[in-house]
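Asker: Take this structure, written in structure tokens, and hold onto it; I'll ask about it next.
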Amino acid sequence: MNNGNKKVLWISPYAPYDKITHAGGKVENYYVKNLNRAENIELHLISCAVSQEICKLDLEQYKISHTLCITDKSTLYWILKKIFNLESTINPFNRNGRLLQNWMEYLLKKAIADYAEKKGDPDIVVLQWTACVFLTEYVKAKFPASKVVGIEEDVTFQAYGRKVGNLSGISKFTKRMEYNIIKKKELRMLKQVDLVWTYTEKDRQLLTDNGIRESKIDVFVSYYEDYSEVKYTGEDNYLVYYGNMGRKENYGAVLWMIREILPKLPDSDIKLVVIGANPAKELLDEVSDRVEIVGYVDSPEQYFAQATCMVIPLLEGAGIKVKILEAMSAGVPVLTNEIGIEGIPAVDGKEYLLCKDAEDYVKAIMKLIKRKELRESISKAEKNFMRNHFDRQKSLQKVIDIFSRMTFC
């Protein structure tokens with residue numbers, strides 16, 4: 001060990017970079033790059049990427065020591081990947097609940113073994129996302145002297161349980177099998193790590209209720225883009241939805257809005273503007289005078305400033321919703337349900353509006369359109385709420401302190 005520095009091995013299935021579009025990747029990018037800058041931490045990243053991402057990666061630019069597994073770097077790799085992943089793609093009884101694909105597991109384990117042979121035990125191993133938490137036993141066998149941290153972006157078995165409730169027939173059967181396998185393994189692995197890293201008190205309580213020792217669970221702030229400088233006006237009569245539009249929970253929510261909310265609005269001039277990368281074909285088919293699909297934008301600030309509100313009627317998913325944090329930081333009144341707001345301790349009627357069905361959304365939208373003072377009140381309260389509850393820098397310093405002092409329970 002040089003100069004008392006702590007060696008941190010960070011393992012994740014998806015390599016971080018500045019322009020990454022999904023929320024989990026943004027969180028990883030924030031913590032990895034800032035930890036790498038810390039004076040007393042030596043970080044090495046083991047991660048995966050596909051060949052199309054290589055031009056976007058900036059690990060060398062930020063001088064991050066890394067081992068990168070390109071999962072499809074040649075035709076042979078592509079063929080091997082298909083063969084390796086066949087079982088983990090079609091088998092509902094797969095040991096990882098089809099959450100961690102066999103090819104990625106093989107590549108990550110190989111990289112971990114190479115690190116162990118060349119560099120020995122790190123002080124801390126961080127396993128990012130539940131897929132990598134599933135490697136806990138392998139990691140502990142390779143690095144018996146290391147402390148292991150498991151990052152739960154959300155509690156995965158909860159998200160899968162919600163998916164089961166929205167399915168029927170054979171799909172429901174197979175998803176229930178995955179749910180059972182994932183829940184059992186997720187909890188078993190988390191019982192073995194030294195620190196469970198979550199992003200909400202709700203997830204801490206859920207894990208405690210399922211047998212994880214509360215004293216080894218800590219809550220950190222999820223990274224979000226801070227749009228607090230946005231001057232919200234809400235002067236244009238349009239609704240906005242913001243998120244990665246290739247994800248089913250996002251485009252499914254938008255499709256529900258188009259079918260259940262827009263037709264019920266008494267003012268036919270009210271539009272829905274959908275912002276986010278990779279819009280699914282089902283969304284593109286819905287483009288009309290009342291539905292605009294913007295796609296990826298460098299910044300949603302101009303849309304946040306003028307929209308009446310952000311409407312997030314999620315039907316599935318788990319964990320904290322970064323898109324809601326970002327909208328609240330900009331002061332855009334947020335309308336969402338219990339799934340959308342979970343983990344965010346905001347007050348209904350003050351810092352957001354809770355809606356349970358299409359009629360609730362319609363009433364809330366029309367109320368905001370007609371009452372400028374309500375829009376302004378919620379906008380101001382949201383910005384104050386974000387300042388008081390989601391301090392990214394303070395959370396980062398807490399991670400650095402824990403890692404530097406090795407203060408694990």
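Residues in the structure tokens are named by chain (A, B, ... in the order shown) and by number from 1 within that chain; ligands are numbered from 1 in the order shown.
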List every residue of stretch 62-243 of chain A that DSSP, applied to the backbone of this structure, places in helix (DSSP H, G or I), and write the result as JSON, numbers by chain.
Answerer: {"A": [75, 76, 77, 78, 79, 80, 81, 82, 83, 84, 85, 86, 87, 88, 89, 90, 102, 103, 104, 105, 106, 107, 108, 109, 110, 111, 112, 113, 114, 115, 116, 117, 118, 119, 129, 130, 131, 132, 133, 136, 137, 138, 139, 140, 141, 142, 156, 157, 158, 159, 160, 161, 162, 163, 164, 165, 169, 170, 171, 172, 173, 174, 175, 176, 177, 178, 179, 180, 181, 182, 183, 184, 185, 186, 187, 188, 189, 190, 201, 202, 203, 204, 205, 206, 207, 208, 209, 214, 215, 216]}
Asker: Step one, run DSSP on the backbone; step two, keep only residues of stretch 137-335 of chain A assigned to strand (DSSP E or B); then write them as a PyMOL selection string.
Answerer: chain A and resi 147-151+195-198+217-219+238-242+271-275+291-295+309-312+334-335
Asker: Grab the atom CA of A:Thr67 to atom CA of A:Lys6 distance for me, in Å with one decimal place.
Answerer: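 The value is 18.5 Å.
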Asker: Give me, as a list in words, all polymer residues having an atom no more than 10 Å from A:Leu368, counting only C-alpha atoms and skipping those fewer than 4 positions away in the same chain.
Answerer: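 Using only C-alpha atoms, the neighbours found are Gly234, Asn237, Thr308, Cys309, Pro333, Lys363, Ala364, Lys372, Glu373, Leu374, Arg375, Glu376 and Ile378 of chain A.
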Asker: Once you have the residues from the selection above, write them out as an mmCIF file, in the first residue's frame, restricted to N, CA and C atoms.
Answerer:
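selection31.cif written:
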data_model
loop_
_atom_site.group_PDB
_atom_site.id
_atom_site.type_symbol
_atom_site.label_atom_id
_atom_site.label_comp_id
_atom_site.auth_asym_id
_atom_site.auth_seq_id
_atom_site.Cartn_x
_atom_site.Cartn_y
_atom_site.Cartn_z
ATOM 1 N N GLY A 234 -43.917 27.819 -16.571
ATOM 2 C CA GLY A 234 -45.103 27.003 -16.777
ATOM 3 C C GLY A 234 -46.147 27.659 -17.643
ATOM 4 N N ASN A 237 -49.117 25.409 -22.304
ATOM 5 C CA ASN A 237 -50.003 24.313 -21.917
ATOM 6 C C ASN A 237 -49.546 22.982 -22.510
ATOM 7 N N THR A 308 -46.326 22.951 -18.204
ATOM 8 C CA THR A 308 -47.227 23.085 -17.064
ATOM 9 C C THR A 308 -46.762 22.205 -15.926
ATOM 10 N N CYS A 309 -46.412 20.961 -16.242
ATOM 11 C CA CYS A 309 -46.004 20.013 -15.213
ATOM 12 C C CYS A 309 -45.345 18.794 -15.857
ATOM 13 N N PRO A 333 -43.629 21.393 -11.444
ATOM 14 C CA PRO A 333 -44.577 20.628 -10.638
ATOM 15 C C PRO A 333 -44.676 19.185 -11.145
ATOM 16 N N LYS A 363 -57.645 16.056 -13.186
ATOM 17 C CA LYS A 363 -58.016 17.133 -12.260
ATOM 18 C C LYS A 363 -56.801 17.964 -11.864
ATOM 19 N N ALA A 364 -55.686 17.279 -11.584
ATOM 20 C CA ALA A 364 -54.475 17.991 -11.149
ATOM 21 C C ALA A 364 -53.904 18.841 -12.278
ATOM 22 N N LYS A 372 -52.117 29.767 -11.515
ATOM 23 C CA LYS A 372 -50.703 30.131 -11.591
ATOM 24 C C LYS A 372 -50.059 30.120 -10.213
ATOM 25 N N GLU A 373 -50.793 30.598 -9.197
ATOM 26 C CA GLU A 373 -50.214 30.651 -7.851
ATOM 27 C C GLU A 373 -49.894 29.265 -7.309
ATOM 28 N N LEU A 374 -50.669 28.238 -7.713
ATOM 29 C CA LEU A 374 -50.384 26.874 -7.282
ATOM 30 C C LEU A 374 -49.111 26.365 -7.949
ATOM 31 N N ARG A 375 -48.979 26.637 -9.244
ATOM 32 C CA ARG A 375 -47.753 26.249 -9.940
ATOM 33 C C ARG A 375 -46.536 26.870 -9.267
ATOM 34 N N GLU A 376 -46.631 28.163 -8.972
ATOM 35 C CA GLU A 376 -45.491 28.860 -8.382
ATOM 36 C C GLU A 376 -45.197 28.358 -6.978
ATOM 37 N N ILE A 378 -45.811 25.280 -5.686
ATOM 38 C CA ILE A 378 -45.186 23.960 -5.747
ATOM 39 C C ILE A 378 -43.756 24.074 -6.259
#
Asker: Give me the residues within 10 Å of A:Leu284 as a PyMOL selection string, counting only C-alpha atoms and dropping any in the same chain fewer than 6 places off.
Answerer: chain A and resi 291-295
Asker: Any idea what's packed within 8 Å of stretch 160-177 of chain A, counting only C-alpha atoms, ignoring anything in its chain fewer than 2 positions away? Could you give it as number ranges by chain?
Answerer: A: 92-93, 97, 156-158, 179-181, 316-317
Asker: Produce a file of the selected residues containing C-alpha atoms, as a PDB file, in the first residue's frame.
Answerer:
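again21.pdb written:
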ATOM      1  CA  PRO A  92     -36.579 -19.596 -16.440  1.00  0.00           C
ATOM      2  CA  PHE A  93     -34.751 -21.667 -13.786  1.00  0.00           C
ATOM      3  CA  GLY A  97     -32.874 -15.440 -12.602  1.00  0.00           C
ATOM      4  CA  THR A 156     -34.401  -5.807  -7.751  1.00  0.00           C
ATOM      5  CA  PHE A 157     -36.739  -8.454  -6.419  1.00  0.00           C
ATOM      6  CA  GLN A 158     -39.320  -5.745  -5.687  1.00  0.00           C
ATOM      7  CA  TYR A 179     -38.676 -13.290  -9.109  1.00  0.00           C
ATOM      8  CA  ASN A 180     -38.348 -16.189  -6.672  1.00  0.00           C
ATOM      9  CA  ILE A 181     -34.784 -16.995  -7.755  1.00  0.00           C
ATOM     10  CA  GLU A 316     -43.805  -0.744 -12.659  1.00  0.00           C
ATOM     11  CA  GLY A 317     -40.247  -0.235 -11.491  1.00  0.00           C
TER      12      GLY A 317
END
Asker: Distance atom CA of A:Thr21-atom CA of A:Ser299, one decimal place?
Answerer: 11.3 Å
Asker: Counting only C-alpha atoms, figure out which residue out of A:Glu229, A:Glu286, A:Asp154, A:Asp236 gets nearest to A:Lys383.
Answerer: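 Using only C-alpha atoms, A:Lys383 sits closest to A:Glu229.
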Asker: Counting only C-alpha atoms, what is within 8 Å of A:Tyr232, bar same-chain residues fewer than 4 positions away, as an MDAnalysis selection string?
Answerer: chainID A and resid 304:306 330:332 379
Asker: Output the selection as a PDB file, in the first residue's frame - N, CA and C atoms for each residue.
Answerer:
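Once everything was written out, this is result24.pdb:
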ATOM      1  N   PHE A 304     -38.408  22.039 -19.319  1.00  0.00           N
ATOM      2  CA  PHE A 304     -38.778  22.151 -17.912  1.00  0.00           C
ATOM      3  C   PHE A 304     -39.303  23.556 -17.598  1.00  0.00           C
ATOM      4  N   ALA A 305     -38.686  24.560 -18.173  1.00  0.00           N
ATOM      5  CA  ALA A 305     -39.041  25.941 -17.847  1.00  0.00           C
ATOM      6  C   ALA A 305     -40.467  26.286 -18.258  1.00  0.00           C
ATOM      7  N   GLN A 306     -40.938  25.733 -19.365  1.00  0.00           N
ATOM      8  CA  GLN A 306     -42.208  26.184 -19.925  1.00  0.00           C
ATOM      9  C   GLN A 306     -43.374  25.213 -19.732  1.00  0.00           C
ATOM     10  N   ALA A 330     -35.589  21.538 -10.886  1.00  0.00           N
ATOM     11  CA  ALA A 330     -35.912  22.636 -11.807  1.00  0.00           C
ATOM     12  C   ALA A 330     -37.172  23.379 -11.401  1.00  0.00           C
ATOM     13  N   GLY A 331     -37.899  22.848 -10.422  1.00  0.00           N
ATOM     14  CA  GLY A 331     -39.133  23.493  -9.996  1.00  0.00           C
ATOM     15  C   GLY A 331     -40.313  23.214 -10.885  1.00  0.00           C
ATOM     16  N   VAL A 332     -40.270  22.118 -11.656  1.00  0.00           N
ATOM     17  CA  VAL A 332     -41.417  21.735 -12.480  1.00  0.00           C
ATOM     18  C   VAL A 332     -42.394  20.956 -11.601  1.00  0.00           C
ATOM     19  N   SER A 379     -43.542  24.899  -7.269  1.00  0.00           N
ATOM     20  CA  SER A 379     -42.213  25.069  -7.832  1.00  0.00           C
ATOM     21  C   SER A 379     -41.217  25.529  -6.770  1.00  0.00           C
TER      22      SER A 379
END
Asker: Please compute the atom CA of A:Lys380-atom CA of A:Thr233 distance, one decimal, in Å.
Answerer: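 Between atom CA of A:Lys380 and atom CA of A:Thr233 the gap works out to 11.4 Å.
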Asker: Would you write out, as CSV, a table of all residues in stretch 49-164 of chain A that have an atom no more than 7 Å from an atom of stretch 184-208 of chain A, listing for each the closest atom pair and the distance in Å to one decimal, considering only C-alpha atoms and ordering rows by chain and rising residue number?
Answerer:
residue,atom,partner,partner_atom,distance
A:Val133,CA,A:Met189,CA,6.6
A:Phe134,CA,A:Met189,CA,6.3
A:Thr136,CA,A:Met189,CA,6.0
A:Lys147,CA,A:Asp194,CA,5.9
A:Val148,CA,A:Val193,CA,5.1
A:Val149,CA,A:Leu195,CA,4.7
A:Gly150,CA,A:Val196,CA,5.0
A:Ile151,CA,A:Trp197,CA,4.6
A:Glu152,CA,A:Thr198,CA,5.2
A:Glu153,CA,A:Thr198,CA,6.4
A:Val155,CA,A:Asp203,CA,6.5
Asker: Could you list, as a PyMOL selection string, every residue within 10 Å of A:Leu272, counting only C-alpha atoms and ignoring same-chain residues fewer than 3 positions away?
Answerer: chain A and resi 237-241+254+257-258+262+269+275+287-293+307+310-311
Asker: Nearest residue to A:Glu87 out of A:Leu100, A:Ile64, A:Leu107, A:Val322, using only C-alpha atoms?
Answerer: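 Closest to A:Glu87, using only C-alpha atoms: A:Leu100.
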